[in-house]
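Peer 1: First the structure, then my questions, so here it is.
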Amino acid sequence: MELNLSSEDAAFRDEVRSFIAANYPPEMRVANPETDLTKEQMLLWHRILHKKGWIAPLWPKEYGGPGWSITQRFVFEQETSRAGTLPPLAFSVTMVGPVIYTFGSDAQKQKFLPRILSGEDWWCQGYSEPGSGSDLATVRTKAVRDGDHYIVNGHKTWTTLAQHADWIFCLVRTDPAAKPQSGISFLLIDMKSPGVTVRPIITIDGSHEVNDVFLEDVRVPVENLIGEENKGWTYAKFLLGNERTSMAGIGRSTRYLNKLKQIVKAEIRDGDPAHLEFIRDIARVELDVLALEATELRVVAQMARGIDPGPAASLFKIRGTEIFQNITELTHRAVGNYGLAIREHPVSANHFMPGPDYGHTASEKYLNSRKLSIYGGSNEIQRNIIAKAVLGL
Amino acid sequence: MDIQFTEEQELLRSSVQRLLRDQYDFDARRKIVASEEGFSRKQWEAFAELGLFAAPFSEDVGGLGGGPLSTMIIMQEFGRHLVVEPFVETVVLAGGLLEHTGSEEQKQGFIPDIIAGMKTWALAWSEKGSRFDLANVATTALHQGKDYVLSGEKTAVIAAPWADYLIVSARTSGHRDDRSGVSLFVVDRRAANLDLQSFKTIDGRRAAEISLRNVRGQLLGKKGEGVGALEACRDRAVGALCAEAVGAMAELNSATLEYSKTRKQFGSTIGSFQVLQHRMVDMFIAHQEALSLMQHFSLSLGANEAGLSRLASGAKSKIGYAGRFIADQAVQLHGGMGMTNELNVGHYFKRISSINIQFGDPAFHLLRFAQLDAAA
């Protein structure tokens with residue numbers, strides 16, 4: 001399904017498509033890019049996009065954005081995700097960058113924005129804490145003013161790829177007496193500061209994507225505060241809005257659905273009744289994807305006309321994650337007995353994996369995708385948002 | 001219908017419970033899984049000493065005559081503790097095949113060592129492309145002297161790296177996926193020309209791809225009638241695996257309920273949110289149904305009732321779907337914690353996922369249940 005594109009937009013689409021084909025680094029095409037690439041490999045595509053001036057589609061031109069229309073941004077997103085390129089560092093470009101150029105000081109903009117665009121600084125997100133998952137407003141990490149520094153103490157968790165990060169943006173409590181939402185500030189912390197410790201969390205698929213980050217008497221210069229003290233909640237909400245925009249994941253679901261079709265074709269014979277069962281299940285998911293894509297296109301067309309999409313992001317997050325979980329489950333089922341095997345991490349050619357290559361990541365993808373309905377605001381929370389904001393309940 | 005356990009059965013249950021409580025907590029299991037061999041010989045011997053391996057066998061072959069109900073009792077507790085040792089493979093699969101199809105000599109030769117905990121076994125039935133079809137066998141067996149020689153490839157053989165002996169299905173006549181012409185053979189796992197490539201399974205166990213090139217094997221059961229024997233063997237395995245799944249589900253439900261009463265978000269315990277209450281009610285109902293169906297099927301197995309195999313598929317399917325629902329929701333309700341290797345919840349999830357693959361997934365058994373009905 002395609003948007004009705006003007007001839008300029010269609011030319012733009014063709015340009016993006018051929019740029020990806022000509023420039024996407026082959027060494028990034030590994031079995032599971034999210035877990036198998038080194039830090040340097042992950043940055044390859046980021047740097048290529050930066051050089052091209054396409055690294056930050058959302059950003060205004062004055063800060064280094066390409067100055068695209070909403071339609072062009074969408075076309076770019078669609079083309080890159082259809083091609084299966086690894087997205088540029090999301091916590092840097094999509095999340096903290098917009099917070100800095102929207103709420104930061106001139107000094108902060110000059111210091112951080114160019115390094116975000118170039119990939120020189122890798123950012124991670126210090127939001128969740130052991131006691132604060134869906135309920136972020138209760139963060140307990142404390143920042144106490146001491147002259148021209150804050151002294152920060154606390155424990156952040158589920159911090160994605162903190163093991164690679166140079167900087168972490170944190171929600172910290174600066175006014176313990178205020179109501180939960182009003183006593184929070186948004187602080188930028190150098191990961192090299194004394195007192196910052198990163199501890200890996202290994203997830204059920206065996207991979208190391210997330211971490212605990214411990215902050216013990218970390219001295220943070222006051223100039224690293226974003227905006228005003230105790231206004232951090234406003235900035236955090238602004239950022240979470242960005243986090244959920246691209247969660248429909250149509251490109252990814254379409255790619256995995258195509259892969260699933262090939263696996264079913266190779267693994268299950270035509271005459272086997274299970275074949276019909278799979279075809280029916282796949283068709284159902286395909287229709288789910290089609291309906292979600294149509295919804296996305298409808299919202300994009302509305303946005304292009306200046307209409308606020310409201311909590312559409314919650315709908316995309318719920319359905320996008322449910323659909324992808326469904327596809328990974330069907331894929332795990334399709335590989336049959338080989339679904340018993342799982343790759344060992346860190347990944348190495350020395351570990352034997354049975355069965356055809358296409359099945360080698362089926363188990364870990366199935367297990368890993370359980371997180372989708374939990375993170376970024378659990379799907380239960382997203383349903384609460386729609387109930388309140390759309391249905392007025 | 002509720003099984004009233006006899007005094008002996010209660011004793012069996014409480015002694016397994018005590019042993020696992022004392023020696024097989026989650027931390028002990030973690031160490032076993034991380035060990036070089038991947039299972040514990042010490043635990044294996046402790047199980048043997050307790051009489052667990054003797055329990056299901058008939059008295060004729062030196063067992064305690066407990067049958068499928070004793071297997072059910074043991075496996076429920078094993079499911080609660082995520083026991084990795086190859087009880088199903090050794091006692092239920094191989095032991096069952098030896099007891100039901102073996103010659104006197106084979107019974108006397110092999111079963112006492114199983115009961116004593118001296119030997120472990122694995123069953124090599126699946127092949128590349130066979131999926132869940134027991135009759136789809138390309139491995140061949142040729143008569144040579146008083147024995148046979150086997151050649152072919154077997155795939156995803158659970159517990160093979162630990163095993164002293166394998167039972168291997170191979171074709172003595174007919175074409176690939178003919179129902180007749182498949183025979184079973186006892187093969188020494190360390191035999192010449194038998195190659196193993198080991199790998200780890202999602203649930204922390206070991207399995208292997210096996211290649212056989214003229215490997216010596218002795219016939220087990222009637223020549224050419226291996227598929228029927230394997231089907232009966234699968235029915236018994238389904239009884240064991242369903243009981244294990246039901247034990248795992250019980251643990252997941254109680255862990256989730258407990259967590260929902262202590263975890264606070266938005267100023268309340270998450271268990272006070274109606275949407276999660278209803279979810280947990282559905283998890284409770286799914287477990288109750290699974291438990292009932294497990295008991296019903298184990299009783300039928302014990303009585304060797306007609307229509308047993310159809311019921312086996314029904315149980316594997318229904319309990320499989322119930323397990324998947326409960327495992328999904330247990331992870332979801334534990335939030336990020338459910339995704340970690342630290343917490344036991346994710347490991348129950350993986351064990352249930354593995355059970356759902358072994359001998360056919362819930363969709364496969366649903367179809368088989370439907371088709372056997374149509375044929376009747």
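Each chain in the structure tokens gets a letter, A, B, ..., in the order shown, and its residues are numbered from 1; ligands are numbered from 1 in order too.
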Determine, counting only C-alpha atoms, which protein, DNA and RNA residues have an atom within 6 Å of an atom of B:Val157; residues of the same chain fewer than 5 positions away are not included. Present the result as a PyMOL selection string.
Peer 2: chain B and resi 124+207-208
Peer 1: Residues of chain B within 7 Å of chain A, counting only C-alpha atoms - could you list those as a ChimeraX atom specification?
Peer 2: /B:129,131,156,199-202,209,265-266,332,335-336,339-341,346,354,357,364
Peer 1: Please provide as number ranges by chain all residues within 9 Å of A:Cys170, with the sequence filter that same-chain residues fewer than 6 positions apart are discarded (counting only C-alpha atoms).
Peer 2: A: 124-127, 141, 156, 185-189
Peer 1: Print the selection's residues with N, CA and C atoms to a file, as a tab-separated table (two decimals), in the first residue's frame.
Peer 2:
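Just written: result09.tsv:
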```
chain	number	residue	atom	x	y	z
A	124	CYS	N	22.16	7.18	26.29
A	124	CYS	CA	21.18	6.21	26.77
A	124	CYS	C	20.19	6.93	27.68
A	125	GLN	N	19.11	6.23	28.01
A	125	GLN	CA	17.98	6.86	28.69
A	125	GLN	C	17.86	6.41	30.14
A	126	GLY	N	17.98	7.34	31.07
A	126	GLY	CA	17.85	7.01	32.49
A	126	GLY	C	16.48	7.37	33.02
A	127	TYR	N	15.48	6.62	32.59
A	127	TYR	CA	14.11	6.87	33.04
A	127	TYR	C	13.69	5.85	34.11
A	141	THR	N	15.58	8.56	42.16
A	141	THR	CA	16.96	9.00	42.06
A	141	THR	C	17.01	10.49	42.46
A	156	LYS	N	19.08	3.41	38.10
A	156	LYS	CA	18.27	3.34	36.88
A	156	LYS	C	18.34	1.92	36.32
A	185	SER	N	13.52	16.75	37.73
A	185	SER	CA	14.32	17.53	36.78
A	185	SER	C	14.97	16.62	35.75
A	186	PHE	N	15.37	17.22	34.64
A	186	PHE	CA	15.93	16.48	33.51
A	186	PHE	C	17.42	16.81	33.43
A	187	LEU	N	18.25	15.83	33.70
A	187	LEU	CA	19.67	16.08	33.88
A	187	LEU	C	20.51	15.24	32.91
A	188	LEU	N	21.54	15.86	32.34
A	188	LEU	CA	22.43	15.15	31.42
A	188	LEU	C	23.70	14.76	32.18
A	189	ILE	N	24.03	13.48	32.16
A	189	ILE	CA	25.15	13.00	32.98
A	189	ILE	C	26.17	12.29	32.10
```
Peer 1: Which residue out of B:Ile285, B:Ser58, B:Ile74, B:Glu36 has the minimum interatomic distance to B:Leu20 when only C-alpha atoms are used?
Peer 2: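 The closest residue to B:Leu20 is B:Ile74.
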Peer 1: Which stretch 182-232 of chain B residues have any atom within 12 Å of an atom of stretch 309-319 of chain B, and for each, what is the nearest pair of atoms with distance in Å to one decimal, counting only C-alpha atoms, rows sorted by chain and number, as a tab-separated table?
Peer 2:
```
residue	atom	partner	partner_atom	distance
B:Gly228	CA	B:Ser309	CA	10.8
B:Ala229	CA	B:Ser309	CA	11.9
B:Leu230	CA	B:Ser309	CA	11.3
B:Glu231	CA	B:Ser309	CA	7.7
B:Ala232	CA	B:Ser309	CA	7.4
```
Peer 1: Rank A:Val144, A:Ile70, A:Met247, A:Ala178 by their smallest atom-to-atom distance to A:Met303, using only C-alpha atoms, and report the top residue only.
Peer 2: A:Ile70
Peer 1: Please measure the separation of atom CA of A:Phe12 and atom CA of A:Gly249, giving the value in Å to one decimal.
Peer 2: 21.2 Å
Peer 1: Looking at only C-alpha atoms, which of B:His278, B:Arg176, B:His143, B:Arg324 is the one that sits closest to B:Phe349?
Peer 2: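 That would be B:Arg324, the residue with the smallest distance to B:Phe349.
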Peer 1: Find the spatial neighbours of A:Tyr101, counting only C-alpha atoms, within a cut-off of 8 Å - ignore same-chain residues fewer than 5 positions away - and output them as a VMD selection string.
Peer 2: chain A and resid 63 109 113
Peer 1: Using N, CA and C atoms, can you export the residues from the last selection as a PDB file, in the first residue's frame?
Peer 2:
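Final output, out_7.pdb:
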```pdb
ATOM      1  N   TYR A  63      19.034  23.205  13.179  1.00  0.00           N
ATOM      2  CA  TYR A  63      19.860  22.363  14.055  1.00  0.00           C
ATOM      3  C   TYR A  63      20.502  21.192  13.309  1.00  0.00           C
ATOM      4  N   LYS A 109      22.867  23.422  23.299  1.00  0.00           N
ATOM      5  CA  LYS A 109      22.643  23.106  21.879  1.00  0.00           C
ATOM      6  C   LYS A 109      23.964  23.016  21.138  1.00  0.00           C
ATOM      7  N   LEU A 113      24.357  19.019  20.261  1.00  0.00           N
ATOM      8  CA  LEU A 113      23.652  18.637  19.035  1.00  0.00           C
ATOM      9  C   LEU A 113      24.578  18.125  17.924  1.00  0.00           C
TER      10      LEU A 113
END
```
Peer 1: Excluding A:Pro66 and any residue of its chain fewer than 4 positions from it, enumerate the residues within 7 Å of it, using only C-alpha atoms, and give them as a PyMOL selection string.
Peer 2: chain A and resi 53-54+57+61
Peer 1: Of the candidates B:Arg29, B:His296, B:Arg41, B:Lys128, which one gets nearest to B:Ile3 if we count only C-alpha atoms?
Peer 2: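 That would be B:His296, the residue with the smallest distance to B:Ile3.
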Peer 1: Report as a ChimeraX atom specification: the residues of stretch 101-286 of chain A with a DSSP assignment of alpha helix (DSSP H), based on the backbone of this structure.
Peer 2: /A:101-103,106-118,232-243,250-267,273-286
Peer 1: Selected residues, C-alpha atoms, written as a CSV table (one decimal), in the first residue's frame, please.
Peer 2:
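Generated output (out27.csv):
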```
chain,number,residue,atom,x,y,z
A,101,TYR,CA,16.9,21.8,20.9
A,102,THR,CA,13.4,22.5,22.3
A,103,PHE,CA,14.2,23.1,26.0
A,106,ASP,CA,22.2,27.8,23.6
A,107,ALA,CA,25.4,26.4,25.2
A,108,GLN,CA,23.8,23.0,25.5
A,109,LYS,CA,22.6,23.1,21.9
A,110,GLN,CA,26.1,24.0,20.7
A,111,LYS,CA,27.8,21.5,22.8
A,112,PHE,CA,25.6,18.4,22.3
A,113,LEU,CA,23.7,18.6,19.0
A,114,PRO,CA,26.6,18.3,16.6
A,115,ARG,CA,28.0,15.4,18.5
A,116,ILE,CA,24.6,13.7,18.5
A,117,LEU,CA,24.3,14.1,14.7
A,118,SER,CA,27.8,12.8,14.0
A,232,GLY,CA,11.6,17.7,34.0
A,233,TRP,CA,8.2,15.9,33.8
A,234,THR,CA,7.1,18.2,31.0
A,235,TYR,CA,10.3,17.4,29.0
A,236,ALA,CA,10.0,13.7,29.7
A,237,LYS,CA,6.4,13.6,28.4
A,238,PHE,CA,7.5,15.5,25.3
A,239,LEU,CA,10.1,12.8,24.7
A,240,LEU,CA,7.9,9.8,25.4
A,241,GLY,CA,5.6,11.2,22.6
A,242,ASN,CA,8.5,10.8,20.2
A,243,GLU,CA,9.3,7.3,21.4
A,250,ILE,CA,5.0,-1.9,9.3
A,251,GLY,CA,8.3,-2.3,7.4
A,252,ARG,CA,9.7,-4.7,10.0
A,253,SER,CA,6.5,-6.7,10.2
A,254,THR,CA,6.3,-6.9,6.4
A,255,ARG,CA,9.9,-8.2,6.2
A,256,TYR,CA,9.5,-10.8,8.9
A,257,LEU,CA,6.2,-11.9,7.3
A,258,ASN,CA,7.9,-12.4,4.0
A,259,LYS,CA,10.6,-14.4,5.7
A,260,LEU,CA,7.9,-16.5,7.5
A,261,LYS,CA,6.3,-17.3,4.2
A,262,GLN,CA,9.5,-18.6,2.8
A,263,ILE,CA,10.1,-20.7,6.0
A,264,VAL,CA,6.7,-22.2,5.8
A,265,LYS,CA,7.2,-23.0,2.1
A,266,ALA,CA,10.5,-24.8,2.9
A,267,GLU,CA,9.4,-26.6,6.1
A,273,PRO,CA,-2.9,-30.1,6.9
A,274,ALA,CA,-0.6,-27.9,9.0
A,275,HIS,CA,0.2,-26.1,5.7
A,276,LEU,CA,-3.3,-24.8,5.4
A,277,GLU,CA,-3.3,-23.9,9.1
A,278,PHE,CA,-0.2,-21.7,8.6
A,279,ILE,CA,-1.5,-20.1,5.4
A,280,ARG,CA,-4.6,-19.1,7.3
A,281,ASP,CA,-2.7,-17.8,10.3
A,282,ILE,CA,-0.3,-15.8,8.1
A,283,ALA,CA,-3.2,-14.4,6.1
A,284,ARG,CA,-4.8,-13.1,9.3
A,285,VAL,CA,-1.6,-11.4,10.3
A,286,GLU,CA,-1.1,-10.0,6.9
```
Peer 1: Rank A:Glu15, A:Glu34, A:Asp270, A:Glu223 by their smallest atom-to-atom distance to A:Thr85, using only C-alpha atoms, and report the top residue only.
Peer 2: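 The shortest atom-to-atom distance to A:Thr85 comes from A:Glu34.
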